[in-house]
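*Asks:* Below you'll find upload-v2.cif; it's mmCIF, C-alpha atoms.
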data_entry
loop_
_atom_site.label_atom_id
_atom_site.label_comp_id
_atom_site.auth_asym_id
_atom_site.auth_seq_id
_atom_site.Cartn_x
_atom_site.Cartn_y
_atom_site.Cartn_z
CA MET A 59 -5.54 -31.89 -48.85
CA THR A 60 -4.46 -30.88 -45.34
CA ASN A 61 -1.21 -28.96 -45.04
CA ILE A 62 0.47 -30.76 -42.14
CA SER A 63 3.43 -28.39 -42.26
CA ALA A 64 1.29 -25.39 -41.28
CA SER A 65 2.29 -23.74 -38.01
CA PRO A 66 -0.02 -24.43 -35.04
CA PRO A 67 -2.16 -21.52 -33.85
CA ALA A 68 -0.52 -19.22 -31.30
CA PRO A 69 -1.51 -19.98 -27.72
CA SER A 70 -4.07 -17.63 -26.20
CA PHE A 71 -2.11 -17.40 -22.99
CA SER A 72 1.35 -15.94 -22.60
CA TRP A 73 3.24 -14.88 -19.51
CA PRO A 74 6.06 -12.53 -20.51
CA LYS A 75 6.97 -11.51 -16.97
CA LEU A 76 6.35 -12.66 -13.45
CA ASP A 77 7.71 -11.53 -10.09
CA ARG A 78 8.15 -14.98 -8.61
CA GLY A 79 9.23 -13.90 -5.14
CA PRO A 80 6.13 -11.82 -4.30
CA VAL A 81 3.86 -14.44 -5.89
CA ILE A 82 5.35 -17.29 -3.84
CA VAL A 83 5.34 -15.26 -0.60
CA ALA A 84 1.76 -14.07 -1.12
CA LEU A 85 0.49 -17.59 -1.85
CA LEU A 86 2.31 -18.99 1.19
CA MET A 87 0.89 -16.23 3.38
CA PHE A 88 -2.61 -16.99 2.12
CA VAL A 89 -2.18 -20.67 2.97
CA ILE A 90 -0.58 -20.05 6.36
CA GLY A 91 -3.01 -17.24 7.18
CA SER A 92 -6.02 -19.36 6.30
CA VAL A 93 -4.84 -22.23 8.49
CA VAL A 94 -3.93 -20.01 11.45
CA ILE A 95 -7.11 -17.94 11.29
CA GLY A 96 -9.19 -21.09 11.01
CA GLN A 97 -7.49 -22.59 14.07
CA VAL A 98 -7.46 -19.41 16.20
CA VAL A 99 -10.89 -18.07 15.23
CA ASP A 100 -13.11 -20.07 12.86
CA LEU A 101 -13.81 -20.97 9.25
CA ARG A 102 -16.03 -17.91 8.76
CA GLN A 103 -13.11 -15.63 9.57
CA THR A 104 -10.95 -17.54 7.09
CA VAL A 105 -13.51 -17.00 4.35
CA LEU A 106 -13.54 -13.26 5.10
CA PHE A 107 -9.74 -13.25 4.90
CA LEU A 108 -9.96 -14.81 1.43
CA ILE A 109 -12.69 -12.36 0.39
CA GLY A 110 -10.24 -9.64 1.37
CA GLY A 111 -7.74 -11.24 -0.98
CA LEU A 112 -10.22 -11.09 -3.85
CA LEU A 113 -10.95 -7.46 -3.03
CA GLY A 114 -7.24 -6.63 -3.09
CA ALA A 115 -6.66 -8.36 -6.43
CA THR A 116 -9.69 -6.62 -7.96
CA LEU A 117 -8.69 -3.20 -6.70
CA TYR A 118 -5.14 -3.64 -7.99
CA HIS A 119 -5.91 -5.10 -11.41
CA ALA A 120 -8.54 -2.43 -12.12
CA SER A 121 -6.60 0.40 -10.40
CA PHE A 122 -9.96 1.04 -8.74
CA GLY A 123 -9.31 4.02 -6.48
CA PHE A 124 -11.43 6.99 -5.50
CA THR A 125 -8.56 9.48 -5.23
CA GLY A 126 -7.43 9.37 -8.84
CA GLY A 127 -10.99 9.05 -10.15
CA TRP A 128 -12.14 12.17 -8.33
CA ARG A 129 -9.04 14.08 -9.42
CA ARG A 130 -9.56 13.08 -13.07
CA LEU A 131 -13.12 14.39 -12.93
CA VAL A 132 -12.08 17.71 -11.40
CA VAL A 133 -8.89 18.28 -13.41
CA GLU A 134 -9.40 16.45 -16.71
CA LYS A 135 -13.21 16.43 -16.79
CA ARG A 136 -13.24 12.64 -17.27
CA GLY A 137 -15.83 10.75 -15.23
CA ALA A 138 -15.55 7.04 -16.09
CA ALA A 139 -14.09 6.16 -12.69
CA VAL A 140 -16.78 8.04 -10.77
CA ARG A 141 -19.51 6.39 -12.86
CA ALA A 142 -18.01 2.99 -12.07
CA GLN A 143 -18.09 3.89 -8.37
CA MET A 144 -21.76 4.85 -8.60
CA LEU A 145 -22.53 1.57 -10.39
CA MET A 146 -20.76 -0.36 -7.65
CA VAL A 147 -22.76 1.35 -4.91
CA ALA A 148 -26.01 0.92 -6.85
CA ILE A 149 -25.61 -2.84 -7.22
CA ALA A 150 -24.88 -3.22 -3.52
CA ALA A 151 -27.76 -0.93 -2.50
CA VAL A 152 -30.33 -2.99 -4.41
CA VAL A 153 -29.40 -5.97 -2.21
CA PHE A 154 -28.34 -4.23 1.02
CA ILE A 155 -31.41 -2.14 1.72
CA PRO A 156 -34.00 -4.97 1.52
CA LEU A 157 -31.73 -7.34 3.48
CA LEU A 158 -31.13 -4.77 6.22
CA ALA A 159 -34.85 -4.02 6.38
CA GLY A 160 -35.40 -7.71 7.09
CA GLY A 161 -32.86 -7.58 9.90
CA SER A 162 -31.28 -10.96 9.23
CA ALA A 163 -30.28 -13.45 6.55
CA PHE A 164 -29.77 -17.20 6.88
CA GLY A 165 -30.24 -16.84 10.63
CA ARG A 166 -27.51 -14.22 11.03
CA PRO A 167 -28.40 -10.70 12.29
CA LEU A 168 -27.41 -7.94 9.87
CA ALA A 169 -26.30 -4.41 10.71
CA GLY A 170 -25.78 -1.71 8.11
CA ALA A 171 -23.17 1.03 7.99
CA VAL A 172 -25.54 3.62 9.42
CA ALA A 173 -24.20 6.51 11.52
CA PRO A 174 -25.28 9.91 12.91
CA VAL A 175 -25.09 13.04 10.77
CA GLY A 176 -23.32 15.84 12.54
CA VAL A 177 -20.33 18.13 12.84
CA SER A 178 -17.96 15.21 13.26
CA VAL A 179 -19.02 13.71 9.91
CA LEU A 180 -18.81 17.01 8.03
CA VAL A 181 -15.39 17.92 9.42
CA GLY A 182 -14.00 14.39 9.34
CA ALA A 183 -15.06 13.68 5.75
CA ALA A 184 -13.70 17.02 4.52
CA ILE A 185 -10.39 16.33 6.25
CA PHE A 186 -10.32 12.85 4.73
CA GLY A 187 -10.99 14.17 1.24
CA LEU A 188 -8.16 16.68 1.56
CA GLY A 189 -5.83 14.06 2.99
CA MET A 190 -6.44 11.50 0.27
CA GLN A 191 -5.26 13.91 -2.43
CA LEU A 192 -2.06 14.61 -0.50
CA GLY A 193 -1.53 11.03 0.61
CA GLY A 194 -2.15 9.66 -2.86
CA GLY A 195 -4.82 7.13 -2.00
CA CYS A 196 -8.08 6.59 -0.14
CA GLY A 197 -8.67 3.84 2.43
CA SER A 198 -8.86 1.02 -0.10
CA GLY A 199 -6.38 2.72 -2.43
CA THR A 200 -3.75 2.94 0.29
CA LEU A 201 -4.04 -0.76 1.04
CA PHE A 202 -3.89 -2.07 -2.51
CA THR A 203 -0.99 0.19 -3.50
CA VAL A 204 0.98 -0.82 -0.40
CA GLY A 205 0.25 -4.43 -1.30
CA GLY A 206 1.57 -3.67 -4.78
CA GLY A 207 4.88 -2.58 -3.30
CA SER A 208 4.65 1.23 -3.24
CA ALA A 209 7.18 2.72 -0.82
CA ARG A 210 5.43 6.10 -0.78
CA MET A 211 2.09 4.56 0.11
CA LEU A 212 3.73 2.60 2.92
CA VAL A 213 4.58 6.01 4.43
CA THR A 214 0.96 7.06 3.91
CA LEU A 215 -0.29 3.89 5.62
CA ALA A 216 1.94 4.39 8.66
CA ALA A 217 0.69 7.96 9.02
CA PHE A 218 -2.89 6.74 8.40
CA ILE A 219 -2.58 4.37 11.36
CA PHE A 220 -1.27 7.17 13.60
CA GLY A 221 -4.06 9.51 12.52
CA ALA A 222 -6.69 6.84 13.20
CA LEU A 223 -5.28 6.31 16.70
CA LEU A 224 -5.30 10.07 17.33
CA GLY A 225 -8.90 10.16 16.17
CA THR A 226 -9.91 7.61 18.82
CA ALA A 227 -8.44 9.91 21.48
CA HIS A 228 -10.48 12.91 20.33
CA LEU A 229 -13.68 11.24 19.10
CA PRO A 230 -15.68 11.68 22.35
CA TRP A 231 -15.26 15.46 22.10
CA TRP A 232 -16.35 15.49 18.46
CA LEU A 233 -19.40 13.34 19.23
CA ALA A 234 -20.47 15.92 21.81
CA GLN A 235 -20.85 18.52 19.05
CA PRO A 236 -24.25 19.15 17.35
CA SER A 237 -25.57 16.15 15.50
CA LEU A 238 -28.66 14.54 14.11
CA PRO A 239 -29.32 10.89 14.99
CA SER A 240 -28.61 8.04 12.59
CA ILE A 241 -31.03 8.26 9.67
CA SER A 242 -31.73 5.16 7.61
CA LEU A 243 -33.65 5.64 4.39
CA GLY A 244 -34.81 2.04 4.59
CA THR A 245 -36.37 2.66 8.00
CA SER A 246 -37.72 6.12 7.17
CA LEU A 247 -39.09 5.43 3.69
CA GLY A 248 -39.45 1.68 3.54
CA ALA A 249 -37.12 -0.56 1.55
CA PRO A 250 -38.68 -0.19 -1.94
CA LEU A 251 -38.79 3.61 -1.89
CA ALA A 252 -35.35 3.78 -0.23
CA VAL A 253 -33.88 1.75 -3.09
CA ILE A 254 -35.53 4.02 -5.68
CA VAL A 255 -34.31 7.20 -3.96
CA THR A 256 -30.79 5.82 -3.60
CA LEU A 257 -30.61 4.71 -7.23
CA ALA A 258 -31.96 8.09 -8.35
CA GLY A 259 -29.26 9.88 -6.37
CA LEU A 260 -26.49 7.68 -7.76
CA ALA A 261 -27.85 8.09 -11.31
CA ALA A 262 -27.89 11.86 -10.82
CA VAL A 263 -24.21 11.87 -9.83
CA ALA A 264 -23.34 9.69 -12.83
CA GLY A 265 -25.42 11.95 -15.09
CA ILE A 266 -23.59 15.04 -13.88
CA THR A 267 -20.26 13.44 -14.77
CA VAL A 268 -21.59 12.68 -18.27
CA LEU A 269 -22.64 16.31 -18.75
CA ILE A 270 -19.28 17.59 -17.50
CA GLU A 271 -17.33 15.25 -19.78
CA ARG A 272 -19.40 15.90 -22.88
CA ARG A 273 -19.26 19.63 -22.36
CA ALA A 274 -15.47 19.54 -22.01
CA HIS A 275 -14.64 16.93 -24.65
CA GLY A 276 -17.69 16.56 -26.87
CA GLY A 277 -18.16 12.90 -25.92
CA LEU A 278 -17.31 10.21 -23.42
CA GLU A 279 -13.86 8.68 -23.19
CA GLN A 280 -13.59 5.24 -24.75
CA ALA A 281 -11.74 2.52 -22.89
CA SER A 282 -8.47 1.59 -24.53
CA LYS A 283 -8.15 -1.88 -26.01
CA PRO A 284 -6.36 -4.24 -23.61
CA LYS A 285 -2.99 -5.64 -24.62
CA THR A 286 -3.85 -8.97 -23.02
CA ARG A 287 -6.87 -11.22 -23.42
CA GLY A 288 -8.44 -14.28 -21.87
CA LEU A 289 -6.53 -15.95 -19.06
CA SER A 290 -3.60 -13.56 -19.49
CA ARG A 291 -5.83 -10.59 -18.77
CA LEU A 292 -7.51 -12.34 -15.87
CA LEU A 293 -4.20 -13.06 -14.15
CA GLN A 294 -2.23 -10.02 -15.22
CA GLY A 295 -4.81 -7.30 -15.79
CA PRO A 296 -5.81 -4.69 -16.49
CA TRP A 297 -9.43 -5.37 -15.57
CA PRO A 298 -12.22 -3.12 -16.88
CA LEU A 299 -13.63 -0.60 -14.42
CA VAL A 300 -17.22 -1.74 -14.93
CA GLY A 301 -16.35 -5.39 -14.38
CA ALA A 302 -14.40 -4.48 -11.24
CA ALA A 303 -17.33 -2.40 -9.96
CA VAL A 304 -19.67 -5.37 -10.30
CA LEU A 305 -17.22 -7.75 -8.60
CA LEU A 306 -16.52 -5.33 -5.72
CA ALA A 307 -20.26 -4.93 -5.15
CA LEU A 308 -20.77 -8.70 -5.10
CA LEU A 309 -17.87 -9.14 -2.67
CA ASN A 310 -19.34 -6.49 -0.36
CA ILE A 311 -22.68 -8.32 -0.47
CA ALA A 312 -20.86 -11.52 0.46
CA THR A 313 -19.19 -9.67 3.33
CA LEU A 314 -22.55 -8.47 4.64
CA LEU A 315 -24.00 -11.98 4.54
CA ILE A 316 -20.97 -13.67 6.14
CA ALA A 317 -19.77 -11.02 8.60
CA GLY A 318 -23.18 -9.58 9.43
CA HIS A 319 -22.06 -6.08 8.46
CA PRO A 320 -20.69 -4.44 5.29
CA TRP A 321 -17.09 -4.06 4.19
CA SER A 322 -15.04 -1.50 6.11
CA ILE A 323 -11.35 -0.67 6.32
CA THR A 324 -10.21 2.03 8.72
CA TYR A 325 -11.37 0.61 12.07
CA GLY A 326 -8.53 -1.87 11.71
CA PHE A 327 -6.00 0.95 11.38
CA GLY A 328 -7.10 2.48 14.68
CA LEU A 329 -6.91 -0.91 16.37
CA TRP A 330 -3.41 -1.54 15.03
CA GLY A 331 -2.31 1.89 16.23
CA ALA A 332 -3.78 1.29 19.66
CA LYS A 333 -2.01 -2.05 20.04
CA ILE A 334 1.30 -0.55 18.92
CA ALA A 335 0.88 2.36 21.36
CA GLN A 336 -0.09 -0.02 24.15
CA SER A 337 3.03 -2.12 23.50
CA VAL A 338 5.26 0.90 24.17
CA GLY A 339 3.48 1.89 27.36
CA VAL A 340 0.76 4.29 26.22
CA PRO A 341 -2.35 3.55 28.36
CA VAL A 342 -4.83 3.62 25.49
CA GLU A 343 -7.04 1.20 27.38
CA THR A 344 -8.01 4.14 29.63
CA TRP A 345 -9.14 6.33 26.74
CA THR A 346 -12.91 6.74 26.56
CA PHE A 347 -13.16 5.20 23.09
CA TRP A 348 -11.33 2.04 24.13
CA THR A 349 -13.31 1.56 27.34
CA ALA A 350 -16.51 0.76 25.44
CA PRO A 351 -17.18 -3.00 25.71
CA ALA A 352 -16.70 -3.82 22.01
CA GLN A 353 -13.54 -1.72 21.71
CA ALA A 354 -12.10 -3.06 24.95
CA GLN A 355 -12.67 -6.62 23.76
CA ALA A 356 -10.98 -5.89 20.41
CA LEU A 357 -8.03 -4.28 22.18
CA GLY A 358 -7.65 -7.18 24.58
CA ARG A 359 -7.40 -10.04 22.09
CA SER A 360 -5.63 -10.93 18.85
CA VAL A 361 -6.29 -8.82 15.76
CA LEU A 362 -7.21 -12.09 14.04
CA PHE A 363 -10.57 -11.85 15.80
CA ASP A 364 -11.22 -8.45 14.22
CA ILE A 365 -13.04 -8.86 10.91
CA THR A 366 -11.86 -5.54 9.49
CA SER A 367 -8.21 -6.30 10.28
CA VAL A 368 -8.35 -9.77 8.78
CA MET A 369 -9.94 -8.45 5.58
CA ASP A 370 -7.33 -5.67 5.43
CA PHE A 371 -4.59 -8.29 5.62
CA GLY A 372 -6.30 -10.13 2.79
CA ILE A 373 -6.45 -6.98 0.66
CA LEU A 374 -2.71 -6.39 1.14
CA LEU A 375 -1.86 -9.96 0.15
CA GLY A 376 -4.35 -10.05 -2.72
CA ALA A 377 -2.85 -6.90 -4.19
CA ALA A 378 0.68 -8.25 -3.71
CA LEU A 379 -0.27 -11.45 -5.52
CA ALA A 380 -1.90 -9.51 -8.36
CA ALA A 381 1.14 -7.23 -8.68
CA GLY A 382 3.47 -10.22 -8.74
CA LEU A 383 1.42 -12.01 -11.39
CA ALA A 384 1.48 -8.85 -13.51
CA GLY A 385 5.23 -8.47 -13.03
CA LYS A 386 4.71 -5.02 -11.49
CA PHE A 387 5.53 -5.56 -7.83
CA ALA A 388 7.51 -2.78 -6.12
CA PRO A 389 8.25 -0.45 -9.02
CA LYS A 390 11.32 1.59 -8.21
CA ALA A 391 10.46 5.22 -7.71
CA ALA A 392 12.19 8.13 -6.02
CA LEU A 393 10.54 9.58 -2.92
CA PRO A 394 11.33 13.32 -2.78
CA LEU A 395 11.16 15.01 0.60
CA LYS A 396 8.12 17.11 -0.31
CA SER A 397 6.29 14.06 -1.60
CA ALA A 398 7.10 12.13 1.58
CA LEU A 399 5.86 15.07 3.65
CA ALA A 400 2.60 15.10 1.69
CA ALA A 401 2.24 11.36 2.31
CA VAL A 402 2.66 11.87 6.06
CA ILE A 403 0.25 14.81 6.27
CA GLY A 404 -2.27 13.11 4.01
CA GLY A 405 -2.12 9.85 5.93
CA VAL A 406 -2.64 11.54 9.30
CA LEU A 407 -5.57 13.57 7.95
CA MET A 408 -7.20 10.48 6.44
CA GLY A 409 -6.84 8.45 9.63
CA TYR A 410 -8.15 11.24 11.82
CA GLY A 411 -10.95 12.16 9.43
CA ALA A 412 -12.09 8.56 8.97
CA ARG A 413 -12.44 8.08 12.72
CA LEU A 414 -14.46 11.28 13.11
CA SER A 415 -16.76 10.50 10.18
CA PHE A 416 -17.39 6.80 10.89
CA GLY A 417 -15.40 5.45 7.98
CA CYS A 418 -13.62 6.17 4.73
CA ASN A 419 -14.61 5.91 1.08
CA ILE A 420 -15.51 2.26 1.73
CA GLY A 421 -17.05 2.17 5.21
CA ALA A 422 -18.84 5.53 4.97
CA LEU A 423 -19.45 6.16 1.25
CA PHE A 424 -19.73 2.73 -0.38
CA SER A 425 -21.17 0.72 2.49
CA GLY A 426 -22.95 3.73 4.01
CA ILE A 427 -24.91 4.77 0.93
CA ALA A 428 -25.56 1.13 0.01
CA SER A 429 -26.99 0.64 3.52
CA GLY A 430 -29.38 3.53 2.99
CA SER A 431 -27.62 5.78 5.50
CA LEU A 432 -28.02 9.52 5.07
CA HIS A 433 -24.57 10.02 6.56
CA GLY A 434 -23.06 8.27 3.52
CA TRP A 435 -24.39 11.00 1.23
CA VAL A 436 -23.23 13.76 3.59
CA TRP A 437 -19.82 12.09 3.76
CA PHE A 438 -19.63 11.96 -0.05
CA ALA A 439 -20.38 15.67 -0.44
CA ALA A 440 -18.01 16.81 2.32
CA ALA A 441 -15.18 14.52 1.20
CA PHE A 442 -15.48 15.68 -2.41
CA ALA A 443 -15.26 19.30 -1.26
CA GLY A 444 -12.19 18.46 0.81
CA SER A 445 -10.69 16.61 -2.14
CA PHE A 446 -11.08 19.74 -4.25
CA VAL A 447 -9.01 21.68 -1.69
CA GLY A 448 -6.47 18.86 -1.58
CA ILE A 449 -6.00 19.01 -5.35
CA ALA A 450 -5.32 22.75 -5.09
CA LEU A 451 -2.68 22.10 -2.40
CA ARG A 452 -0.83 19.31 -4.20
CA PRO A 453 1.57 21.63 -6.11
CA VAL A 454 2.88 22.90 -2.75
CA PHE A 455 4.38 19.45 -2.31
CA GLY A 456 5.65 19.10 -5.86
CA LEU A 457 2.64 17.08 -7.04
CA ASP A 458 0.37 17.78 -9.98
CA GLY A 459 -2.71 19.81 -9.13
CA PHE A 460 -5.25 21.51 -11.37
CA LYS A 461 -2.62 21.72 -14.09
CA LYS A 462 -0.63 18.71 -15.24
#
Represent the structure contained in this file as structure tokens.
*Replies:*
Amino acid sequence: MTNISASPPAPSFSWPKLDRGPVIVALLMFVIGSVVIGQVVDLRQTVLFLIGGLLGATLYHASFGFTGGWRRLVVEKRGAAVRAQMLMVAIAAVVFIPLLAGGSAFGRPLAGAVAPVGVSVLVGAAIFGLGMQLGGGCGSGTLFTVGGGSARMLVTLAAFIFGALLGTAHLPWWLAQPSLPSISLGTSLGAPLAVIVTLAGLAAVAGITVLIERRAHGGLEQASKPKTRGLSRLLQGPWPLVGAAVLLALLNIATLLIAGHPWSITYGFGLWGAKIAQSVGVPVETWTFWTAPAQAQALGRSVLFDITSVMDFGILLGAALAAGLAGKFAPKAALPLKSALAAVIGGVLMGYGARLSFGCNIGALFSGIASGSLHGWVWFAAAFAGSFVGIALRPVFGLDGFKK
């Protein structure tokens, strides 16, 4: 006999908290932005804007940043975040390298994130790595934390923009220093072998993190059980690192196919800085960097035509939406003077370093290595070395360093 008085099963979805204001504003901005971008530019640009939103939500919900992951490996000897990064690059590389070798897809020309290997990359990447430990975030990390409402990271972003602008002023001098030409593994070795070599390199990095972690702790760290499940976890997080790595790789592949080039972040910062400087009378249009045809065109028209800028806007809004859904938008936190100073110095160093080294952790490392570019590997090594120095300097600014 059925017990009709039994309580119904508990719903699988619950929403204990929600920051309605940020959620409503973010959704409205996505709608308005999509319409405006579609009218001013085209539908393709709108799709890239929305892809940026998905990137921002993924980065936020998984707390997928390079800065903290590298610091955890160095300080705590935990490598899960770095292994997730290597997985992300590996998935993209398996698709990128053959596509780029073909030169086009669906009738659209494709260009990889391939750049020269020289003094500018070595110095710029090292400066970036140092700066990201002081600033508290990498290129993608700065955007998604600002989108999540962090006041400190807003300071870092402002300084990042200034540093990127300064880098455009000095880049011609740096490019005159000793350098090898752009080296593409896909071109040099052929796509199949280039994929194998790239995957072997990424596996080696992941393997080293496993050895470090097992030697320090006797085993690998197990992911904690999530407090939310199903739809609640999807909308509120946290998302698993591995799942986020797969999704970020797929979104970068989509970017390559739709934009014709991989995901990048920091070019937009330099453009924003140049437009701001131009608006207050600084003749940036006469600087060598901004006289090149592509840069002059970008400087002379709306930022909505710039793919990197539009995707950056999407990342900010996607992270804001994710933070609002999780009820974590704009956590109140004090900003001590030393911490603010570190944010300024770190931001300037990241902006300047990214311009010198042809990108940040996304444009140079992720998209660079996935494109088969040798400069991506050089950037990785130099930035990690700089990050090590940055960790050592953090206590000067009242931040945790090698000791918690």
*Asks:* Name the residues in contact with Val172 (chain A) at a cut-off of 7 Å, using only C-alpha atoms, excluding same-chain residues fewer than 5 positions from it; report them as a count of residues only.
*Replies:* 5
*Asks:* Give me, please, the distance in Å between CA of Thr267 (chain A) and CA of Leu145 (chain A), quoted to one decimal.
*Replies:*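 Distance reported for this atom pair: 12.9 Å.
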*Asks:* Check the smallest atom-to-atom distance from each of A:Gly221, A:Gly404, A:Gly409, A:Gly459 to Leu188 (chain A) using only C-alpha atoms, then report the winner.
*Replies:*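 Nearest to Leu188 (chain A): A:Gly404.
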*Asks:* Kindly resolve the PyMOL selection byres ((chain A and resi 241) around 9) on the present coordinates and return the residues as a ChimeraX atom specification.
*Replies:* /A:172-175,238-240,242-246,430-433
*Asks:* Go ahead and save the picked residues with C-alpha atoms, as a PDB file, in the frame of the given file.
*Replies:*
ATOM      1  CA  VAL A 172     -25.540   3.620   9.420  1.00  0.00           C
ATOM      2  CA  ALA A 173     -24.200   6.510  11.520  1.00  0.00           C
ATOM      3  CA  PRO A 174     -25.280   9.910  12.910  1.00  0.00           C
ATOM      4  CA  VAL A 175     -25.090  13.040  10.770  1.00  0.00           C
ATOM      5  CA  LEU A 238     -28.660  14.540  14.110  1.00  0.00           C
ATOM      6  CA  PRO A 239     -29.320  10.890  14.990  1.00  0.00           C
ATOM      7  CA  SER A 240     -28.610   8.040  12.590  1.00  0.00           C
ATOM      8  CA  SER A 242     -31.730   5.160   7.610  1.00  0.00           C
ATOM      9  CA  LEU A 243     -33.650   5.640   4.390  1.00  0.00           C
ATOM     10  CA  GLY A 244     -34.810   2.040   4.590  1.00  0.00           C
ATOM     11  CA  THR A 245     -36.370   2.660   8.000  1.00  0.00           C
ATOM     12  CA  SER A 246     -37.720   6.120   7.170  1.00  0.00           C
ATOM     13  CA  GLY A 430     -29.380   3.530   2.990  1.00  0.00           C
ATOM     14  CA  SER A 431     -27.620   5.780   5.500  1.00  0.00           C
ATOM     15  CA  LEU A 432     -28.020   9.520   5.070  1.00  0.00           C
ATOM     16  CA  HIS A 433     -24.570  10.020   6.560  1.00  0.00           C
TER      17      HIS A 433
END
*Asks:* Closest to Leu117 (chain A) among A:Asp77, A:Ala377, A:Ser290, A:Gly195, using all atoms listed in the file?
*Replies:*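 Checking each candidate against Leu117 (chain A), we get A:Ala377 as the closest.
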*Asks:* Given the point (-6.9, 8.9, 4.5) in the coordinates of this file, which residues lie within 7 Å, counting only C-alpha atoms, and how would they look as a list in words?
*Replies:*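 Here is the list of nearby residues: Phe186, Gly189, Met190, Gly193, Cys196, Gly197, Phe218, Gly404, Gly405, Val406, Leu407, Met408, Gly409 and Ala412 of chain A.
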*Asks:* Determine the residue membership of the PyMOL selection byres ((chain A and resi 249-255) around 9) for the file above and supply it as a short mmCIF file (atom, residue, chain, number, x, y, z; two decimals) with C-alpha atoms, in the frame of the given file.
*Replies:*
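expr.cif, freshly written:
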data_model
loop_
_atom_site.label_atom_id
_atom_site.label_comp_id
_atom_site.auth_asym_id
_atom_site.auth_seq_id
_atom_site.Cartn_x
_atom_site.Cartn_y
_atom_site.Cartn_z
CA ALA A 148 -26.01 0.92 -6.85
CA ALA A 151 -27.76 -0.93 -2.50
CA VAL A 152 -30.33 -2.99 -4.41
CA VAL A 153 -29.40 -5.97 -2.21
CA ILE A 155 -31.41 -2.14 1.72
CA PRO A 156 -34.00 -4.97 1.52
CA LEU A 157 -31.73 -7.34 3.48
CA LEU A 158 -31.13 -4.77 6.22
CA ALA A 159 -34.85 -4.02 6.38
CA SER A 242 -31.73 5.16 7.61
CA LEU A 243 -33.65 5.64 4.39
CA GLY A 244 -34.81 2.04 4.59
CA THR A 245 -36.37 2.66 8.00
CA SER A 246 -37.72 6.12 7.17
CA LEU A 247 -39.09 5.43 3.69
CA GLY A 248 -39.45 1.68 3.54
CA THR A 256 -30.79 5.82 -3.60
CA LEU A 257 -30.61 4.71 -7.23
CA ALA A 258 -31.96 8.09 -8.35
CA GLY A 259 -29.26 9.88 -6.37
CA LEU A 260 -26.49 7.68 -7.76
CA ALA A 428 -25.56 1.13 0.01
CA GLY A 430 -29.38 3.53 2.99
#
*Asks:* Record the distance separating CA of Phe347 (chain A) and CA of Pro230 (chain A), expressed in Å with one decimal.
*Replies:*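 Going from CA of Phe347 (chain A) over to CA of Pro230 (chain A), I get 7.0 Å.
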*Asks:* Taking a cut-off of 9 Å and counting all atoms listed in the file, can you build a table that, for each residue of region 129-220 of chain A near region 294-305 of chain A, reports the nearest atom pair and how far apart they are in Å (one decimal), sorted by chain then residue number, as a tab-separated table?
*Replies:*
residue	atom	partner	partner_atom	distance
A:Ala138	CA	A:Leu299	CA	8.1
A:Ala139	CA	A:Leu299	CA	7.0
A:Arg141	CA	A:Val300	CA	8.7
A:Ala142	CA	A:Val300	CA	5.6
A:Gln143	CA	A:Ala303	CA	6.5
A:Met144	CA	A:Ala303	CA	8.6
A:Leu145	CA	A:Ala303	CA	6.6
A:Met146	CA	A:Ala303	CA	4.6
A:Val147	CA	A:Ala303	CA	8.3
A:Ile149	CA	A:Val304	CA	7.2
A:Ala150	CA	A:Val304	CA	8.8
*Asks:* Using all atoms listed in the file, determine which residues lie at most 8 Å from Arg166 (chain A), disregarding the query and same-chain residues fewer than 4 positions distant; provide the list as a list in words.
*Replies:*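 The residues satisfying every condition are Ser162, Leu315 and Gly318 of chain A.
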*Asks:* Of the candidates A:Leu229, A:Ala388, A:Ala317, A:Ile95, which shows the shortest atom-to-atom distance to Thr346 (chain A), using all atoms listed in the file?
*Replies:* A:Leu229
*Asks:* Of the residues A:Leu131, A:Ala262, A:Ala335, A:Val93, which is the one nearest to Val105 (chain A), using all atoms listed in the file?
*Replies:*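 Closest to Val105 (chain A), using all atoms listed in the file: A:Val93.
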*Asks:* What lies within 9 Å of Pro80 (chain A) using only C-alpha atoms, ignoring chain neighbours under 6 positions off, as a count of residues only?
*Replies:* 6
*Asks:* How many Å separate CA of Ala312 (chain A) from CA of Ile109 (chain A)?
*Replies:*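 Separation between CA of Ala312 (chain A) and CA of Ile109 (chain A): 8.2 Å.
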*Asks:* So, counting only C-alpha atoms, which residue among A:Ser282, A:Ser198, A:Thr324, A:Ser92 is closest to Phe122 (chain A)?
*Replies:*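 Among A:Ser282, A:Ser198, A:Thr324, A:Ser92, it is A:Ser198 that comes nearest to Phe122 (chain A).
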*Asks:* I would like the residues chosen by the PyMOL selection byres ((chain A and resi 442-455) around 6) on the shown file; could you give them as JSON, numbers by chain?
*Replies:* {"A": [184, 187, 188, 191, 396, 397, 439, 440, 441, 456, 457, 458, 459]}
*Asks:* Around all the atoms of region 431-438 of chain A listed in the file, with 3 Å of room on each side, what axis-aligned box do you get, giving centre and edge lengths in Å to one decimal, as lines of an AutoDock Vina configuration file?
*Replies:*
center_x = -23.8
center_y = 9.8
center_z = 3.3
size_x = 14.4
size_y = 14.0
size_z = 12.6
*Asks:* Could you check which residues have any atom within 10 Å of (-14.7, 2.9, 2.8), counting only C-alpha atoms with coordinates taken straight from the file, and then list them as a ChimeraX atom specification?
*Replies:* /A:124,196-199,320-324,412,416-426,434
*Asks:* So that I can see what lies close to region 270-280 of chain A, please list as a list of chain:residue names the residues with an atom at most 9 Å from it, counting only C-alpha atoms and leaving out residues fewer than 4 positions away in the same chain.
*Replies:*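 Residues meeting the cut-off are A:Leu131, A:Glu134, A:Lys135, A:Arg136, A:Gly137, A:Ala138, A:Gly265, A:Ile266.
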